[in-house]
2 protein chains.
Amino acid sequence: MANFDDQILPKAGCEGAKEAAPKRRRKSSEDRMLDIIEAAADHFAEVGFSGGTRDIAKRVGVTQPLLYRYFPDKNSLIEAVYKSVYLESWNADWDIGLQDRTQSVRSRFDQFYRDYTAANFNPRWLRISYFAGLRDAQINQWYNHLIEELILKQLVREHRVELGLPDDAYVTTEELEVAWQIHGGLLHYGWRRHVLNLPVSNDMDQVICDALDMYFSVAEGVYMRMARSNADIA
Amino acid sequence: MANFDDQILPKAGCEGAKEAAPKRRRKSSEDRMLDIIEAAADHFAEVGFSGGTRDIAKRVGVTQPLLYRYFPDKNSLIEAVYKSVYLESWNADWDIGLQDRTQSVRSRFDQFYRDYTAANFNPRWLRISYFAGLRDAQINQWYNHLIEELILKQLVREHRVELGLPDDAYVTTEELEVAWQIHGGLLHYGWRRHVLNLPVSNDMDQVICDALDMYFSVAEGVYMRMARSNADIA
DNA sequence: TCGCTAATTGATCATTTGATTACTTTTGTG
DNA sequence: CACAAAAGTAATCAAATGATCAATTAGCGA
């Protein structure tokens, strides 16, 4: 069939144009694995995890049974996609930068949210995230825990320190909810922009700035209220 | 087969217990239609719109081909579910209450968000909403337009009036984004609570209160900034 | 160049899918 | 009561699904 040439050659040709054309018609196990995960992520992002394995194979330019030499079943492929999508777009330096006390808390978090949204606010990441949450809460629970521990609690603690309030490692549920309000609000901006394709503001920096304004203008009051009710209990 | 009795009789028995037992073994066209939409909504909310028509029929207690006497194809059923889920949980009085100037803007919106979250923050509505957004942006675009026109722009306009600022019907993109920040933040709270099943604050009223605090503490500044840059242009 | 290893394919299976058809049974009404 | 309209079912189809396995062939090292 002409199928074979139609699918394999363009791909090989494309790669050839990119770097030192290998005439390899077969890839190493590792490379092929990455190809598959990449294609699967793209496809799942578009149609959800009910997307077919044949469509994924077609994107890669191989036959469908090949997927089963790399993953025992579809679910394993889905989990590899989870891992890939989440890990690729997480920067290990983020939570370090948030502790750099030579910068104001405000500017640290301003910078963080610029980086974070630049890395994650695109149709692929957002759609995979929401699809994953709907399909299997577990992976998203883990991710939200990450955000909570590494980012939001950091925000509350560092901000308390900057305000000269007693440095209590404990962050109350309500303090967390207020911090989540920024994160959730920004995420919903991403949803409207990259999933719903609505005509939202294009000025991401301004959106982040306003979101942080909202937080920083009420945060102190919340910390104080929490501290007071802690004192009441003690 | 025993199937028939297993599925139909318990349903009939249940109904009999509810009100003046009709020995009807068949329902009116309207009632059956509602049954199907209801079951479809439940099922789609659980597994997404790729859920099977046979599973829906099983929930209703009828055979699968019957669905095709009520809907020409699966997509029509999905659209009926959209309509049902969105319309059922929208209260036409909401945008009227928001204009009641005997109450402060703050308390009007506080009341609104209590009602709104009480009506919509449940796994079914939230999951269907997100599934719908991922599957077909159109329906969600329409809904977001509704929120924007009837709620968020109202918030900006009424708040401006209350502050004694010039009553301009026009709401800028940035003002809207700030208002969306509340709405999106709350929606993400719903996502974490009812979709991801995370252990969030149970005090919905407090969450709403904090979210509105955040808005009302920065809103005036934003209005002024917008008015100033409008003046610059003029 | 030969030959072995491993990447890849082709053919195929059992289920499940949305959808259609012809048939059966209930129910309200003249 | 009888009968027609309508609710509902059984049987079935074609296409698509995830998955398996034996056969093929590219590519690397001896």
# chains A, B, ... in the order shown; residues from 1 in each chain; ligands from 1
>>> closest_atom_pairs(of="chain C", to="chain B", cutoff="8 Å", atoms="only C-alpha atoms (C1' of nucleotides)", output="CSV")
residue,atom,partner,partner_atom,distance
C:DT17,C1',B:Gly52,CA,7.5
C:DG18,C1',B:Lys74,CA,7.5
C:DA19,C1',B:Asp73,CA,7.9
C:DT26,C1',B:Arg26,CA,7.1
>>> closest_atom_pairs(of="chain C", to="range 5-24 of chain D", cutoff="9 Å", atoms="only C-alpha atoms (C1' of nucleotides)", output="CSV")
residue,atom,partner,partner_atom,distance
C:DT8,C1',D:DT24,C1',8.1
C:DT9,C1',D:DT24,C1',7.0
C:DG10,C1',D:DA23,C1',8.4
C:DT12,C1',D:DT20,C1',8.5
C:DC13,C1',D:DT20,C1',8.0
C:DT15,C1',D:DT17,C1',7.6
C:DT16,C1',D:DT17,C1',6.7
C:DT17,C1',D:DA16,C1',7.0
C:DA19,C1',D:DC13,C1',8.5
C:DT20,C1',D:DC13,C1',8.0
C:DT21,C1',D:DT12,C1',8.4
C:DC23,C1',D:DA10,C1',8.1
C:DT24,C1',D:DT9,C1',7.1
C:DT25,C1',D:DG8,C1',7.6
C:DT26,C1',D:DA7,C1',7.3
C:DT27,C1',D:DA6,C1',8.6
>>> interface_residues(of="chain B", to="chain D", cutoff="8 Å", atoms="only C-alpha atoms (C1' of nucleotides)", output="ChimeraX atom specification")
/B:26-27,29,62-63,66
>>> closest_atom_pairs(of="chain A", to="chain B", cutoff="9 Å", atoms="only C-alpha atoms", output="tab-separated table")
residue	atom	partner	partner_atom	distance
A:Glu46	CA	B:Leu134	CA	8.4
A:Val47	CA	B:Arg135	CA	7.2
A:Gly48	CA	B:Leu134	CA	8.1
A:Ser50	CA	B:Ser50	CA	7.1
A:Arg127	CA	B:Leu134	CA	7.0
A:Tyr130	CA	B:Tyr130	CA	7.6
A:Phe131	CA	B:Leu134	CA	7.8
A:Gly133	CA	B:Leu196	CA	6.4
A:Leu134	CA	B:Val195	CA	6.8
A:Arg135	CA	B:Val47	CA	7.2
A:Asp136	CA	B:Leu196	CA	8.3
A:Ala137	CA	B:Leu196	CA	4.9
A:Gln138	CA	B:Leu196	CA	7.6
A:Asn140	CA	B:Leu196	CA	7.0
A:Gln141	CA	B:Leu196	CA	6.3
A:Asn144	CA	B:Arg192	CA	8.5
A:Thr173	CA	B:Ser201	CA	6.0
A:Glu174	CA	B:Ser201	CA	6.8
A:Leu176	CA	B:Ser201	CA	8.9
A:Glu177	CA	B:Val207	CA	6.9
A:Val178	CA	B:Asp210	CA	6.7
A:Trp180	CA	B:Gly185	CA	7.2
A:Gln181	CA	B:Gly185	CA	4.5
A:Ile182	CA	B:Gly185	CA	6.5
A:His183	CA	B:Gly185	CA	7.3
A:Gly184	CA	B:Gly185	CA	4.5
A:Gly185	CA	B:Gly185	CA	4.0
A:Leu186	CA	B:Gln181	CA	6.9
A:Leu187	CA	B:Gly184	CA	7.6
A:His188	CA	B:Gly184	CA	5.0
A:Tyr189	CA	B:Gly184	CA	7.2
A:Trp191	CA	B:Gly133	CA	8.9
A:Arg192	CA	B:Gln141	CA	8.4
A:Val195	CA	B:Leu134	CA	6.8
A:Leu196	CA	B:Ala137	CA	4.9
A:Asn197	CA	B:Ala137	CA	7.4
A:Leu198	CA	B:Gln141	CA	6.8
A:Val200	CA	B:Thr173	CA	7.2
A:Ser201	CA	B:Thr173	CA	6.0
A:Asp203	CA	B:Glu174	CA	8.8
A:Gln206	CA	B:Glu174	CA	8.1
A:Val207	CA	B:Glu177	CA	7.0
A:Asp210	CA	B:Val178	CA	6.7
A:Ala211	CA	B:Gln181	CA	7.0
A:Asp213	CA	B:Val218	CA	6.9
A:Met214	CA	B:Met214	CA	4.9
A:Tyr215	CA	B:Met214	CA	6.3
A:Phe216	CA	B:Met214	CA	8.6
A:Ser217	CA	B:Ser217	CA	6.5
A:Val218	CA	B:Met214	CA	5.9
A:Ala219	CA	B:Met214	CA	8.8
A:Val222	CA	B:Asp210	CA	8.7
>>> write_last_selection(atoms="C-alpha atoms", output="PDB file, in the first residue's frame")
ATOM      1  CA  GLU A  46      -7.416  17.062  21.694  1.00  0.00           C
ATOM      2  CA  VAL A  47     -10.046  14.375  22.202  1.00  0.00           C
ATOM      3  CA  GLY A  48      -9.589  13.118  25.731  1.00  0.00           C
ATOM      4  CA  SER A  50     -10.971   7.903  25.198  1.00  0.00           C
ATOM      5  CA  ARG A 127      -6.644  20.214  28.460  1.00  0.00           C
ATOM      6  CA  TYR A 130      -8.618  18.920  33.135  1.00  0.00           C
ATOM      7  CA  PHE A 131      -9.138  15.638  31.315  1.00  0.00           C
ATOM      8  CA  GLY A 133      -8.841  15.468  36.789  1.00  0.00           C
ATOM      9  CA  LEU A 134     -12.135  14.279  35.388  1.00  0.00           C
ATOM     10  CA  ARG A 135     -10.880  10.811  34.584  1.00  0.00           C
ATOM     11  CA  ASP A 136      -8.902  10.023  37.652  1.00  0.00           C
ATOM     12  CA  ALA A 137      -8.757  12.484  40.512  1.00  0.00           C
ATOM     13  CA  GLN A 138      -5.635  10.870  41.943  1.00  0.00           C
ATOM     14  CA  ASN A 140      -4.552  15.815  39.994  1.00  0.00           C
ATOM     15  CA  GLN A 141      -4.773  15.425  43.759  1.00  0.00           C
ATOM     16  CA  ASN A 144      -2.606  20.076  43.806  1.00  0.00           C
ATOM     17  CA  THR A 173      -7.284  26.074  55.841  1.00  0.00           C
ATOM     18  CA  GLU A 174      -8.702  29.540  55.406  1.00  0.00           C
ATOM     19  CA  LEU A 176      -4.815  28.376  52.071  1.00  0.00           C
ATOM     20  CA  GLU A 177      -8.193  29.011  50.502  1.00  0.00           C
ATOM     21  CA  VAL A 178      -7.370  32.670  50.064  1.00  0.00           C
ATOM     22  CA  TRP A 180      -5.927  29.207  46.205  1.00  0.00           C
ATOM     23  CA  GLN A 181      -8.173  32.007  45.100  1.00  0.00           C
ATOM     24  CA  ILE A 182      -5.279  33.563  43.159  1.00  0.00           C
ATOM     25  CA  HIS A 183      -4.117  30.286  41.730  1.00  0.00           C
ATOM     26  CA  GLY A 184      -7.626  29.153  40.835  1.00  0.00           C
ATOM     27  CA  GLY A 185      -8.516  32.499  39.366  1.00  0.00           C
ATOM     28  CA  LEU A 186      -5.471  32.454  37.114  1.00  0.00           C
ATOM     29  CA  LEU A 187      -6.123  28.861  36.133  1.00  0.00           C
ATOM     30  CA  HIS A 188      -9.634  29.778  35.117  1.00  0.00           C
ATOM     31  CA  TYR A 189      -8.178  32.552  33.004  1.00  0.00           C
ATOM     32  CA  TRP A 191      -9.255  27.760  30.852  1.00  0.00           C
ATOM     33  CA  ARG A 192     -11.135  30.608  29.221  1.00  0.00           C
ATOM     34  CA  VAL A 195      -9.602  25.778  26.279  1.00  0.00           C
ATOM     35  CA  LEU A 196     -12.705  27.809  25.579  1.00  0.00           C
ATOM     36  CA  ASN A 197     -10.859  30.143  23.184  1.00  0.00           C
ATOM     37  CA  LEU A 198     -12.656  33.165  24.532  1.00  0.00           C
ATOM     38  CA  VAL A 200      -9.797  37.424  27.075  1.00  0.00           C
ATOM     39  CA  SER A 201      -7.165  40.002  27.933  1.00  0.00           C
ATOM     40  CA  ASP A 203      -1.894  41.046  28.889  1.00  0.00           C
ATOM     41  CA  GLN A 206      -1.390  42.628  33.997  1.00  0.00           C
ATOM     42  CA  VAL A 207      -3.719  39.761  34.874  1.00  0.00           C
ATOM     43  CA  ASP A 210      -4.132  42.314  39.439  1.00  0.00           C
ATOM     44  CA  ALA A 211      -4.512  38.835  40.893  1.00  0.00           C
ATOM     45  CA  ASP A 213      -2.923  42.842  44.150  1.00  0.00           C
ATOM     46  CA  MET A 214      -6.097  41.169  45.266  1.00  0.00           C
ATOM     47  CA  TYR A 215      -4.236  38.738  47.438  1.00  0.00           C
ATOM     48  CA  PHE A 216      -1.796  41.158  49.003  1.00  0.00           C
ATOM     49  CA  SER A 217      -4.500  43.626  49.881  1.00  0.00           C
ATOM     50  CA  VAL A 218      -6.436  41.186  52.053  1.00  0.00           C
ATOM     51  CA  ALA A 219      -3.762  38.734  53.195  1.00  0.00           C
ATOM     52  CA  VAL A 222      -6.531  37.136  57.208  1.00  0.00           C
TER      53      VAL A 222
END
>>> atom_distance(atom1="CA of Val105 in chain B", atom2="CA of Val156 in chain B")
9.6 Å
>>> residues_around(residues="Ala119 in chain A", least_positions_apart="2", cutoff="12 Å", atoms="only C-alpha atoms (C1' of nucleotides)", output="PyMOL selection string")
chain A and resi 85-91+94+112-117+121-126+190
>>> write_last_selection(atoms="C-alpha atoms", output="PDB file, in the first residue's frame")
ATOM      1  CA  VAL A  85       3.147  16.374  30.751  1.00  0.00           C
ATOM      2  CA  TYR A  86       3.407  17.230  34.434  1.00  0.00           C
ATOM      3  CA  LEU A  87       7.130  16.712  34.853  1.00  0.00           C
ATOM      4  CA  GLU A  88       8.180  18.435  31.628  1.00  0.00           C
ATOM      5  CA  SER A  89       6.512  21.638  32.655  1.00  0.00           C
ATOM      6  CA  TRP A  90       7.574  21.746  36.282  1.00  0.00           C
ATOM      7  CA  ASN A  91      10.685  23.714  37.068  1.00  0.00           C
ATOM      8  CA  TRP A  94      10.595  27.467  41.363  1.00  0.00           C
ATOM      9  CA  PHE A 112       6.853  32.854  39.726  1.00  0.00           C
ATOM     10  CA  TYR A 113       3.440  33.286  38.165  1.00  0.00           C
ATOM     11  CA  ARG A 114       4.965  34.717  35.015  1.00  0.00           C
ATOM     12  CA  ASP A 115       7.135  31.640  34.704  1.00  0.00           C
ATOM     13  CA  TYR A 116       4.416  29.254  35.747  1.00  0.00           C
ATOM     14  CA  THR A 117       1.837  30.539  33.309  1.00  0.00           C
ATOM     15  CA  PHE A 121      -0.813  27.983  29.975  1.00  0.00           C
ATOM     16  CA  ASN A 122      -1.214  26.346  26.616  1.00  0.00           C
ATOM     17  CA  PRO A 123      -4.024  24.196  25.244  1.00  0.00           C
ATOM     18  CA  ARG A 124      -2.113  20.961  25.640  1.00  0.00           C
ATOM     19  CA  TRP A 125      -1.169  21.250  29.292  1.00  0.00           C
ATOM     20  CA  LEU A 126      -4.500  22.709  30.353  1.00  0.00           C
ATOM     21  CA  GLY A 190      -6.132  29.855  31.275  1.00  0.00           C
TER      22      GLY A 190
END
>>> atom_distance(atom1="CA of Asp95 in chain B", atom2="CA of Asp42 in chain B")
28.3 Å
>>> atom_distance(atom1="CA of Gln99 in chain A", atom2="CA of His159 in chain A")
10.5 Å
>>> select_by_dssp(residues="range 69-229 of chain B", states="alpha helix (DSSP H)", output="PyMOL selection string")
chain B and resi 69-70+74-88+94-97+105-120+123-135+137-146+153-162+173-190+204-229
>>> residues_around(residues="range 162-170 of chain A", least_positions_apart="4", cutoff="9 Å", atoms="only C-alpha atoms (C1' of nucleotides)", output="PyMOL selection string")
chain A and resi 101+104-105+153+157-158+220+223-224+227
>>> write_last_selection(atoms="N, CA and C atoms", output="PDB file, in the first residue's frame")
ATOM      1  N   ARG A 101      15.090  35.788  49.896  1.00  0.00           N
ATOM      2  CA  ARG A 101      14.615  36.951  50.664  1.00  0.00           C
ATOM      3  C   ARG A 101      15.297  38.262  50.287  1.00  0.00           C
ATOM      4  N   SER A 104      11.411  41.092  47.335  1.00  0.00           N
ATOM      5  CA  SER A 104      10.156  41.172  48.084  1.00  0.00           C
ATOM      6  C   SER A 104       9.293  39.951  47.739  1.00  0.00           C
ATOM      7  N   VAL A 105       8.439  39.581  48.678  1.00  0.00           N
ATOM      8  CA  VAL A 105       7.550  38.439  48.437  1.00  0.00           C
ATOM      9  C   VAL A 105       6.708  38.713  47.199  1.00  0.00           C
ATOM     10  N   LYS A 153       1.684  27.492  50.460  1.00  0.00           N
ATOM     11  CA  LYS A 153       2.095  27.610  51.859  1.00  0.00           C
ATOM     12  C   LYS A 153       3.342  28.477  51.982  1.00  0.00           C
ATOM     13  N   ARG A 157       3.740  31.788  54.374  1.00  0.00           N
ATOM     14  CA  ARG A 157       4.821  31.857  55.368  1.00  0.00           C
ATOM     15  C   ARG A 157       5.763  33.030  55.090  1.00  0.00           C
ATOM     16  N   GLU A 158       6.193  33.136  53.838  1.00  0.00           N
ATOM     17  CA  GLU A 158       7.131  34.206  53.500  1.00  0.00           C
ATOM     18  C   GLU A 158       6.497  35.582  53.678  1.00  0.00           C
ATOM     19  N   GLU A 220      -2.947  40.287  54.895  1.00  0.00           N
ATOM     20  CA  GLU A 220      -2.559  40.638  56.259  1.00  0.00           C
ATOM     21  C   GLU A 220      -3.743  40.487  57.212  1.00  0.00           C
ATOM     22  N   TYR A 223      -4.242  36.837  57.990  1.00  0.00           N
ATOM     23  CA  TYR A 223      -3.217  36.317  58.915  1.00  0.00           C
ATOM     24  C   TYR A 223      -3.531  36.740  60.347  1.00  0.00           C
ATOM     25  N   MET A 224      -3.881  38.021  60.514  1.00  0.00           N
ATOM     26  CA  MET A 224      -4.160  38.542  61.849  1.00  0.00           C
ATOM     27  C   MET A 224      -5.358  37.826  62.462  1.00  0.00           C
ATOM     28  N   ALA A 227      -4.317  34.439  63.509  1.00  0.00           N
ATOM     29  CA  ALA A 227      -3.466  34.469  64.693  1.00  0.00           C
ATOM     30  C   ALA A 227      -4.317  34.702  65.935  1.00  0.00           C
TER      31      ALA A 227
END
>>> decode(residues="chain D", atoms="C-alpha atoms (C1' of nucleotides)", output="short mmCIF file (atom, residue, chain, number, x, y, z; two decimals), in the first residue's frame")
data_model
loop_
_atom_site.label_atom_id
_atom_site.label_comp_id
_atom_site.auth_asym_id
_atom_site.auth_seq_id
_atom_site.Cartn_x
_atom_site.Cartn_y
_atom_site.Cartn_z
"C1'" DC D 1 -64.82 -4.49 23.65
"C1'" DA D 2 -62.12 -3.64 19.96
"C1'" DC D 3 -58.78 -1.16 17.65
"C1'" DA D 4 -55.41 2.11 16.41
"C1'" DA D 5 -51.63 4.85 18.07
"C1'" DA D 6 -47.76 4.75 20.53
"C1'" DA D 7 -44.27 2.77 23.88
"C1'" DG D 8 -41.16 -0.64 24.04
"C1'" DT D 9 -38.33 -4.80 22.72
"C1'" DA D 10 -35.38 -8.33 20.22
"C1'" DA D 11 -32.33 -9.14 16.85
"C1'" DT D 12 -28.95 -7.42 14.26
"C1'" DC D 13 -25.39 -4.56 11.47
"C1'" DA D 14 -21.18 -2.23 10.35
"C1'" DA D 15 -17.57 0.16 12.24
"C1'" DA D 16 -14.29 0.95 15.72
"C1'" DT D 17 -12.20 -0.50 19.86
"C1'" DG D 18 -8.11 -2.60 22.78
"C1'" DA D 19 -5.24 -6.34 22.43
"C1'" DT D 20 -2.39 -10.60 20.64
"C1'" DC D 21 0.93 -13.21 17.85
"C1'" DA D 22 3.51 -14.95 14.29
"C1'" DA D 23 6.14 -13.28 10.55
"C1'" DT D 24 9.29 -9.72 8.60
"C1'" DT D 25 13.12 -6.68 8.10
"C1'" DA D 26 16.32 -3.04 9.43
"C1'" DG D 27 20.61 -2.26 11.52
"C1'" DC D 28 24.61 -3.26 14.27
"C1'" DG D 29 28.71 -6.06 15.47
"C1'" DA D 30 31.73 -9.86 14.37
#
